[in-house]
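The structure appears below as structure tokens.
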Amino acid sequence: MPLAYRTPDHRFSNLPDFPFRPHYYTLREGLRVHYLDEGPRDGTPVLMMHGEPSWSYLYRHMIGPVVEAGYRVLAPDLIGFGKSDKLTKKSEYSYALHVAWMRDWLDSLNLQNIVLACQDWGSLIGLRLVADTPDLFAGVVLSNGGLPAGEPAPRAFGRWRRFSRFSPVFPVGTILQKATIRELSKAEVAAYEAPFPTGKSKAGARIFPSLVPLGRNEAVPDQERAWKKLRSFDKPFTCAFSDGDPITRGGDAKFRETVPGAKDNPLHRTLKGHHFIQEDDPEGFAAVILETAQRAGV
């Protein structure tokens with residue numbers, strides 16, 4: 001088992017608006033995944049997947065409304081983030097490993113009729129899960145994310161890659177604030193910093209942008225296979241991108257043109273906010289999830 005860092009529990013004490021009980025699953029490699037599991041166990045599962053450099057705390061304002069509607073919400077922390085274990089070397093992370101880790105965790109839960117809600121890296125991993133196991137999913141809601149397969153990297157994203165990998169400092173809370181219109185409180189900024197008390201604990205967060213398969217990348221063949229599968233996904237697929245994210249703006253077009261479940265879907269909409277729409281418009285994002293689940297008949 002690779003050397004892993006486990007953030008001390010006291011770092012997560014008294015987080016604002018985060019009363020949820022932790023759950024854990026140990027992967028085959030011995031790494032521990034943390035996840036939230038709220039709502040009735042027999043309710044239709046809604047899988048909320050975060051991106052980088054956030055964690056399941058990002059969904060704290062969305063969980064309640066979805067649970068109140070009768071659904072079961074599951075929100076994992078990716079390996080390297082939140083309360084999940086963190087490998088301490090950038091070289092130990094890969095896109096394929098992240099997909100495999102989440103597939104291992106998902107398989108352990110024996111779920112059916114899942115509605116995926118995803119953003120940022122949550123979409124890169126979540127949509128791969130949909131492509132690998134389409135029969136498990138009843139619908140998808142995608143916001144500010146995608147499934148890149150070798151396209152040229154936007155100039156702004158190239159700068160972000162260089163900063164994340166080489167900057168001497170990597171202030172996670174400040175990064176979240178800069179990609180959010182709403183003013184976060186000091187306690188909320190601290191909550192995003194909480195998982196990362198050491199430099200080595202940020203290895204996963206720092207390497208993630210370099211793993212995005214834009215340009216030449218070893219993950220491109222896997223992405224192309226996933227797109228081939230998504231071209232036959234005819235269940236409700238809703239795009240709910242924000243109006244203020246300069247990196248993902250327009251990223252919904254390929255899905256709306258290519259994925260059968262996204263074509264002529266009346267639920268597509270534009271939400272108000274920056275990249276982390278869960279902070280800027282959690283009510284709108286949650287509403288789209290519920291509408292998509294209803295359209296899926298679950």
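We name chains A, B, ... following the order of the structure tokens; residues begin at 1 in each chain, and ligands are numbered from 1 as shown.
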Could you write out, as a PyMOL selection string, all the residues of region 137-217 of chain A that DSSP marks as helix (DSSP H, G or I)? chain A and resi 155-166+172-178+186-193+200-211
Go ahead and write the selection's residues with C-alpha atoms as an mmCIF file, in the first residue's frame.
data_model
loop_
_atom_site.group_PDB
_atom_site.id
_atom_site.type_symbol
_atom_site.label_atom_id
_atom_site.label_comp_id
_atom_site.auth_asym_id
_atom_site.auth_seq_id
_atom_site.Cartn_x
_atom_site.Cartn_y
_atom_site.Cartn_z
ATOM 1 C CA ARG A 155 -4.893 29.255 -22.239
ATOM 2 C CA ALA A 156 -6.506 29.996 -18.858
ATOM 3 C CA PHE A 157 -6.455 26.326 -17.988
ATOM 4 C CA GLY A 158 -2.784 26.076 -18.926
ATOM 5 C CA ARG A 159 -2.005 28.833 -16.418
ATOM 6 C CA TRP A 160 -4.007 26.993 -13.764
ATOM 7 C CA ARG A 161 -2.076 23.792 -14.477
ATOM 8 C CA ARG A 162 1.262 25.535 -14.009
ATOM 9 C CA PHE A 163 0.158 27.309 -10.858
ATOM 10 C CA SER A 164 -1.262 24.195 -9.214
ATOM 11 C CA ARG A 165 1.812 22.143 -9.913
ATOM 12 C CA PHE A 166 4.622 24.595 -9.286
ATOM 13 C CA VAL A 172 -7.225 25.962 -1.203
ATOM 14 C CA GLY A 173 -9.777 28.171 0.537
ATOM 15 C CA THR A 174 -8.693 31.226 -1.430
ATOM 16 C CA ILE A 175 -8.870 29.239 -4.673
ATOM 17 C CA LEU A 176 -12.470 28.278 -3.867
ATOM 18 C CA GLN A 177 -13.328 31.899 -3.112
ATOM 19 C CA LYS A 178 -11.828 33.183 -6.362
ATOM 20 C CA LYS A 186 -13.854 32.908 7.184
ATOM 21 C CA ALA A 187 -15.203 29.680 8.684
ATOM 22 C CA GLU A 188 -16.223 28.402 5.246
ATOM 23 C CA VAL A 189 -12.830 29.207 3.771
ATOM 24 C CA ALA A 190 -11.250 27.381 6.720
ATOM 25 C CA ALA A 191 -13.512 24.380 6.070
ATOM 26 C CA TYR A 192 -12.082 24.059 2.572
ATOM 27 C CA GLU A 193 -8.570 24.313 4.012
ATOM 28 C CA LYS A 200 2.273 16.721 1.200
ATOM 29 C CA SER A 201 -1.441 16.333 1.915
ATOM 30 C CA LYS A 202 -2.100 18.609 -1.086
ATOM 31 C CA ALA A 203 -0.357 16.340 -3.605
ATOM 32 C CA GLY A 204 -3.631 15.119 -5.118
ATOM 33 C CA ALA A 205 -5.126 18.595 -5.312
ATOM 34 C CA ARG A 206 -2.014 19.938 -6.988
ATOM 35 C CA ILE A 207 -1.683 17.201 -9.628
ATOM 36 C CA PHE A 208 -5.351 16.987 -10.665
ATOM 37 C CA PRO A 209 -5.180 19.740 -13.327
ATOM 38 C CA SER A 210 -2.228 17.987 -14.958
ATOM 39 C CA LEU A 211 -4.275 14.774 -15.221
#
Please list as a PyMOL selection string every residue within 7 Å of Glu279 (chain A), counting only C-alpha atoms and excluding residues in the same chain fewer than 2 positions away. chain A and resi 58+180+182+276-277+281-282
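If you look at CA of Thr270 (chain A) and CA of Ala296 (chain A), they are 20.4 Å away from each other.
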Could you give me, as a ChimeraX atom specification, each residue of region 63-213 of chain A that DSSP assigns to strand (DSSP E) when run on this structure's backbone? /A:72-76,86-87,114-120,137-145
Calculated over only C-alpha atoms, which of the candidates A:Ala293, A:Met48, A:Ala194, A:Cys118 has the smallest distance to Lys83 (chain A)? A:Ala194
Nearest to Leu124 (chain A) by atom-to-atom distance, counting only C-alpha atoms, from A:Ser13, A:Thr258, A:Ser232, A:Ser143: A:Ser143
Would you list the contacts of Leu147 (chain A) as a ChimeraX atom specification, taking every protein, DNA or RNA residue within 12 Å and counting only C-alpha atoms, but skipping same-chain residues closer than 5 positions in sequence? /A:95,118-131,142,212-214,219-220,222-228,230,248,251-252,254-255
Output the selection as a compact mmCIF listing (two decimals), in the first residue's frame - N, CA, C and O atoms for each residue.
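And here's selection23.txt as it stands now:
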# COMPACT_ATOMS: atom_id res chain seq x y z
N TYR A 95 -5.61 9.40 -13.50
CA TYR A 95 -7.04 9.45 -13.81
C TYR A 95 -7.64 8.05 -13.68
O TYR A 95 -8.69 7.85 -13.05
N CYS A 118 -22.89 16.10 -10.89
CA CYS A 118 -21.43 16.20 -10.91
C CYS A 118 -20.98 17.55 -11.47
O CYS A 118 -21.69 18.20 -12.23
N GLN A 119 -19.77 17.93 -11.07
CA GLN A 119 -19.17 19.20 -11.46
C GLN A 119 -17.66 19.08 -11.38
O GLN A 119 -17.14 18.34 -10.56
N ASP A 120 -16.95 19.79 -12.29
CA ASP A 120 -15.50 19.78 -12.28
C ASP A 120 -15.01 18.34 -12.41
O ASP A 120 -15.53 17.57 -13.20
N TRP A 121 -14.01 17.92 -11.61
CA TRP A 121 -13.51 16.55 -11.69
C TRP A 121 -14.57 15.52 -11.30
O TRP A 121 -14.46 14.35 -11.63
N GLY A 122 -15.60 15.96 -10.60
CA GLY A 122 -16.70 15.04 -10.33
C GLY A 122 -17.34 14.53 -11.60
O GLY A 122 -17.87 13.42 -11.65
N SER A 123 -17.28 15.36 -12.67
CA SER A 123 -17.82 14.92 -13.95
C SER A 123 -16.83 14.02 -14.70
O SER A 123 -17.23 13.04 -15.32
N LEU A 124 -15.56 14.35 -14.63
CA LEU A 124 -14.57 13.51 -15.32
C LEU A 124 -14.59 12.08 -14.78
O LEU A 124 -14.41 11.12 -15.52
N ILE A 125 -14.81 11.95 -13.48
CA ILE A 125 -14.87 10.62 -12.89
C ILE A 125 -16.28 10.06 -12.95
O ILE A 125 -16.50 8.90 -13.32
N GLY A 126 -17.27 10.88 -12.61
CA GLY A 126 -18.65 10.41 -12.59
C GLY A 126 -19.14 9.94 -13.95
O GLY A 126 -19.82 8.92 -14.05
N LEU A 127 -18.82 10.68 -15.00
CA LEU A 127 -19.28 10.29 -16.33
C LEU A 127 -18.58 9.03 -16.82
O LEU A 127 -19.15 8.26 -17.61
N ARG A 128 -17.38 8.80 -16.35
CA ARG A 128 -16.73 7.52 -16.66
C ARG A 128 -17.46 6.36 -15.98
O ARG A 128 -17.58 5.27 -16.55
N LEU A 129 -17.96 6.59 -14.77
CA LEU A 129 -18.74 5.56 -14.09
C LEU A 129 -20.04 5.28 -14.85
O LEU A 129 -20.46 4.13 -14.99
N VAL A 130 -20.66 6.34 -15.35
CA VAL A 130 -21.88 6.18 -16.14
C VAL A 130 -21.58 5.38 -17.41
O VAL A 130 -22.33 4.46 -17.77
N ALA A 131 -20.49 5.71 -18.08
CA ALA A 131 -20.13 5.00 -19.31
C ALA A 131 -19.81 3.54 -19.04
O ALA A 131 -20.14 2.66 -19.84
N LEU A 142 -25.24 17.52 -15.12
CA LEU A 142 -23.87 17.97 -15.29
C LEU A 142 -23.80 19.49 -15.20
O LEU A 142 -24.54 20.18 -15.89
N VAL A 212 -5.95 16.17 -16.32
CA VAL A 212 -7.06 16.40 -17.25
C VAL A 212 -6.58 16.09 -18.67
O VAL A 212 -5.58 16.65 -19.12
N PRO A 213 -7.27 15.20 -19.39
CA PRO A 213 -6.79 14.80 -20.73
C PRO A 213 -7.10 15.82 -21.82
O PRO A 213 -7.90 15.60 -22.72
N LEU A 214 -6.47 16.98 -21.70
CA LEU A 214 -6.49 18.00 -22.74
C LEU A 214 -5.13 17.97 -23.43
O LEU A 214 -4.09 17.97 -22.76
N ALA A 219 -4.76 9.20 -21.04
CA ALA A 219 -6.15 8.86 -20.76
C ALA A 219 -7.08 9.05 -21.96
O ALA A 219 -8.25 8.66 -21.90
N VAL A 220 -6.59 9.63 -23.05
CA VAL A 220 -7.46 9.94 -24.19
C VAL A 220 -8.17 8.71 -24.74
O VAL A 220 -9.38 8.75 -25.00
N ASP A 222 -9.20 6.05 -23.21
CA ASP A 222 -10.28 5.72 -22.28
C ASP A 222 -11.43 6.71 -22.43
O ASP A 222 -12.61 6.32 -22.34
N GLN A 223 -11.10 7.98 -22.64
CA GLN A 223 -12.14 8.99 -22.83
C GLN A 223 -12.94 8.73 -24.10
O GLN A 223 -14.17 8.87 -24.12
N GLU A 224 -12.25 8.37 -25.16
CA GLU A 224 -12.94 8.11 -26.42
C GLU A 224 -13.88 6.92 -26.29
O GLU A 224 -14.99 6.92 -26.84
N ARG A 225 -13.45 5.90 -25.54
CA ARG A 225 -14.34 4.75 -25.31
C ARG A 225 -15.56 5.17 -24.49
O ARG A 225 -16.68 4.70 -24.72
N ALA A 226 -15.34 6.06 -23.51
CA ALA A 226 -16.46 6.53 -22.69
C ALA A 226 -17.45 7.32 -23.54
O ALA A 226 -18.67 7.16 -23.39
N TRP A 227 -16.95 8.17 -24.42
CA TRP A 227 -17.84 8.95 -25.30
C TRP A 227 -18.66 8.01 -26.19
O TRP A 227 -19.84 8.26 -26.46
N LYS A 228 -18.04 6.95 -26.65
CA LYS A 228 -18.77 5.98 -27.48
C LYS A 228 -19.95 5.40 -26.72
O LYS A 228 -21.05 5.23 -27.27
N LEU A 230 -21.48 6.89 -24.13
CA LEU A 230 -22.45 7.95 -23.85
C LEU A 230 -23.31 8.27 -25.07
O LEU A 230 -24.42 8.79 -24.93
N THR A 248 -15.43 26.64 -18.35
CA THR A 248 -16.36 25.61 -18.86
C THR A 248 -17.49 26.18 -19.71
O THR A 248 -18.33 25.42 -20.19
N GLY A 251 -19.34 24.39 -22.61
CA GLY A 251 -18.98 22.97 -22.56
C GLY A 251 -20.17 22.03 -22.62
O GLY A 251 -20.00 20.82 -22.80
N ASP A 252 -21.37 22.58 -22.48
CA ASP A 252 -22.56 21.73 -22.55
C ASP A 252 -22.93 21.38 -23.99
O ASP A 252 -23.68 20.42 -24.22
N LYS A 254 -21.48 19.97 -26.60
CA LYS A 254 -21.17 18.63 -27.12
C LYS A 254 -22.12 17.59 -26.53
O LYS A 254 -22.56 16.67 -27.23
N PHE A 255 -22.44 17.72 -25.26
CA PHE A 255 -23.35 16.77 -24.64
C PHE A 255 -24.75 16.90 -25.23
O PHE A 255 -25.41 15.89 -25.53
Quick one: everything within 10 Å of Arg21 (chain A), counting only C-alpha atoms, minus sequence neighbours fewer than 3 positions away in the same chain. Send it as a VMD selection string. chain A and resid 18 35 to 38
So that I can see what lies close to Val67 (chain A), please list as a ChimeraX atom specification the residues with an atom at most 9 Å from it, counting only C-alpha atoms and leaving out residues fewer than 3 positions away in the same chain. /A:38-40,43,62-64,70-73
A:Ser167, A:Asn144, A:Ser94, A:Asn14 ranked by distance to Ser242 (chain A), top pick (using only C-alpha atoms): A:Asn144
